[in-house]
Amino acid sequence: MADIHPSAIISPGATIAPTAVIGAYCVVGPEVEIADGVHLISHVVVDGITSIGEGTVVYPFASLGHRPQDLKYRGEASRLIIGKRNQIRENVTMNPGTEGGGMVTRVGDNGLFMVGAHVAHDCQVGDGVIFANNATLGGHVSIGDFAVLGGLSAVHQFVRIGRHVMVGGMTGVENDVIPFATVTGNRAHLSGLNLVGLKRRGYSREDIHALRNAYRLLFAPEGTMAERLEEVAEQFKDAAPVMEIVDFIRVDSSRAICQPKLANVA
């Protein structure tokens, strides 16, 4: 039987797994599903049609599953799905989806969401991400696996951020960021590749070398982006990480591709 503190309020209809721990003064809504090993430490509020995956730990004053901050929301039965083994720290907020965005906000596994981080409606967040303090997503944002968002960074609605991206602290991201990149600045610009992250994730020297050469070619001043993209696709067709960037750019998107300052291309 779940370990539920006497001061916690669990609505009838909530599904609480036998090994879950619900701490003092938590409030759990009637359509919430909490899996085995989940620990709501204290003062956590979970509402809406929300599921929390196995082993996730939620710290005090987090608010999960409440009404999206979208004036177009009309009470549709949208969902918030949180994966396994996440660390959700104090004052984190995550909102469910909306009819205009597919009805689901989804957070992957093994993420760390530090104090005050925000995942808005209809966001799709991958596995192994790190959101530093007060990192904020607008609605409909896509975050790839193992991306890192620095403290006080903010991502504009509908932006895509690729896998293994590093977003610098206090950076505003208005455009799509290719996989494996680093972005910095008041208004984000590419500042190179996330070489430290690539090495930590075990990418080979050959892969990193190919990525560096492809990056230089892709953002060279000569020709158009379309021409350079096709040249990269042909020259590096056997390099899987490079082709991941090519495929990312080829996807139809409402946002432009984030560009480097010319000094950062070489």
# chains A, B, ... in the order shown; residues from 1 in each chain; ligands from 1
>>> residues_around(residues="Cys123 in chain A", least_positions_apart="3", cutoff="10 Å", atoms="only C-alpha atoms", output="NGL selection string")
:A and (80 or 94-97 or 101-102 or 104-107 or 119-120 or 126 or 137-143 or 157-160)
>>> residues_around(residues="Gly116 in chain A", least_positions_apart="3", cutoff="9 Å", atoms="only C-alpha atoms", output="NGL selection string")
:A and (62 or 89-93 or 113 or 132-136)
>>> write_last_selection(atoms="C-alpha atoms", output="CSV table (one decimal), in the first residue's frame")
chain,number,residue,atom,x,y,z
A,62,ALA,CA,6.0,22.0,-7.8
A,89,ARG,CA,12.8,20.3,-8.2
A,90,GLU,CA,11.2,23.1,-6.2
A,91,ASN,CA,8.6,25.4,-7.9
A,92,VAL,CA,8.8,23.6,-11.3
A,93,THR,CA,5.6,24.0,-13.4
A,113,PHE,CA,14.4,20.1,-13.9
A,132,ALA,CA,18.9,24.7,-15.0
A,133,ASN,CA,17.1,27.1,-12.6
A,134,ASN,CA,14.3,29.1,-14.2
A,135,ALA,CA,14.8,27.7,-17.7
A,136,THR,CA,11.5,28.3,-19.5
>>> residues_around(residues="Ile34 in chain A", least_positions_apart="4", cutoff="8 Å", atoms="only C-alpha atoms", output="list in words")
Thr15, Ile16, Ala17, Ala20, Val38, Ser51, Ile52, Gly53 and Glu54 of chain A
>>> select_by_dssp(residues="range 87-213 of chain A", states="strand (DSSP E)", output="JSON, numbers by chain")
{"A": [87, 88, 93, 94, 104, 105, 106, 107, 112, 113, 118, 119, 124, 125, 130, 131, 136, 137, 142, 143, 148, 149, 154, 155, 160, 161, 166, 167, 172, 173, 181, 182, 183, 184, 189, 190, 191, 192, 193]}
>>> residues_around(residues="Thr98 in chain A", least_positions_apart="6", cutoff="12 Å", atoms="only C-alpha atoms", output="PyMOL selection string")
chain A and resi 65-80+104-105+120-123+139-140
>>> write_last_selection(atoms="C-alpha atoms", output="mmCIF file, in the first residue's frame")
data_model
loop_
_atom_site.group_PDB
_atom_site.id
_atom_site.type_symbol
_atom_site.label_atom_id
_atom_site.label_comp_id
_atom_site.auth_asym_id
_atom_site.auth_seq_id
_atom_site.Cartn_x
_atom_site.Cartn_y
_atom_site.Cartn_z
ATOM 1 C CA GLY A 65 -0.931 19.356 -14.713
ATOM 2 C CA HIS A 66 -2.847 22.530 -14.023
ATOM 3 C CA ARG A 67 -4.679 24.504 -16.714
ATOM 4 C CA PRO A 68 -2.355 25.643 -19.563
ATOM 5 C CA GLN A 69 -1.372 29.284 -19.718
ATOM 6 C CA ASP A 70 -3.045 29.662 -23.106
ATOM 7 C CA LEU A 71 -6.099 31.886 -23.592
ATOM 8 C CA LYS A 72 -7.298 29.577 -26.393
ATOM 9 C CA TYR A 73 -7.684 26.669 -23.974
ATOM 10 C CA ARG A 74 -11.360 25.817 -23.475
ATOM 11 C CA GLY A 75 -11.173 22.992 -20.966
ATOM 12 C CA GLU A 76 -10.454 20.186 -23.435
ATOM 13 C CA ALA A 77 -9.355 16.906 -21.851
ATOM 14 C CA SER A 78 -5.667 17.235 -22.661
ATOM 15 C CA ARG A 79 -2.853 15.391 -20.916
ATOM 16 C CA LEU A 80 0.510 15.793 -19.230
ATOM 17 C CA VAL A 104 -0.411 16.182 -25.012
ATOM 18 C CA THR A 105 2.584 17.654 -23.238
ATOM 19 C CA ALA A 120 4.491 24.910 -21.247
ATOM 20 C CA HIS A 121 1.537 23.366 -23.045
ATOM 21 C CA ASP A 122 2.121 20.989 -25.959
ATOM 22 C CA CYS A 123 5.883 20.759 -25.442
ATOM 23 C CA GLY A 139 4.214 26.438 -25.925
ATOM 24 C CA HIS A 140 4.725 23.806 -28.644
#
>>> closest_residue(among="A:Ala233, A:Ala147, A:Ala239, A:Ile249", to="Arg201 in chain A", atoms="only C-alpha atoms")
A:Ala147
>>> select_by_dssp(residues="range 19-212 of chain A", states="helix (DSSP H, G or I)", output="VMD selection string")
chain A and resid 99 to 101 195 to 200 205 to 212
>>> write_last_selection(atoms="N, CA and C atoms", output="compact mmCIF listing (two decimals), in the first residue's frame")
# COMPACT_ATOMS: atom_id res chain seq x y z
N GLU A 99 -5.93 21.68 -27.55
CA GLU A 99 -6.47 21.19 -28.82
C GLU A 99 -5.63 21.64 -30.00
N GLY A 100 -5.09 22.84 -29.91
CA GLY A 100 -4.29 23.37 -31.02
C GLY A 100 -2.90 22.80 -31.12
N GLY A 101 -2.50 21.97 -30.17
CA GLY A 101 -1.13 21.46 -30.19
C GLY A 101 -1.00 19.97 -30.05
N LEU A 195 31.13 20.32 -28.07
CA LEU A 195 32.18 19.30 -28.10
C LEU A 195 32.31 18.56 -26.78
N VAL A 196 32.17 19.27 -25.68
CA VAL A 196 32.25 18.61 -24.37
C VAL A 196 31.13 17.59 -24.23
N GLY A 197 29.91 17.98 -24.60
CA GLY A 197 28.79 17.07 -24.53
C GLY A 197 28.96 15.86 -25.43
N LEU A 198 29.49 16.09 -26.63
CA LEU A 198 29.71 14.98 -27.57
C LEU A 198 30.70 13.97 -27.00
N LYS A 199 31.77 14.46 -26.40
CA LYS A 199 32.76 13.55 -25.82
C LYS A 199 32.17 12.80 -24.63
N ARG A 200 31.40 13.48 -23.82
CA ARG A 200 30.78 12.82 -22.66
C ARG A 200 29.81 11.73 -23.08
N ARG A 205 36.04 10.17 -32.31
CA ARG A 205 36.81 11.28 -32.90
C ARG A 205 36.42 11.48 -34.35
N GLU A 206 36.13 10.38 -35.05
CA GLU A 206 35.73 10.47 -36.45
C GLU A 206 34.41 11.20 -36.60
N ASP A 207 33.45 10.88 -35.73
CA ASP A 207 32.16 11.57 -35.78
C ASP A 207 32.32 13.06 -35.49
N ILE A 208 33.11 13.38 -34.47
CA ILE A 208 33.31 14.79 -34.10
C ILE A 208 34.03 15.54 -35.21
N HIS A 209 35.01 14.88 -35.83
CA HIS A 209 35.73 15.51 -36.94
C HIS A 209 34.77 15.80 -38.10
N ALA A 210 33.91 14.83 -38.42
CA ALA A 210 32.94 15.03 -39.49
C ALA A 210 31.97 16.16 -39.16
N LEU A 211 31.52 16.21 -37.92
CA LEU A 211 30.61 17.28 -37.51
C LEU A 211 31.26 18.65 -37.63
N ARG A 212 32.50 18.76 -37.22
CA ARG A 212 33.19 20.06 -37.30
C ARG A 212 33.33 20.51 -38.74
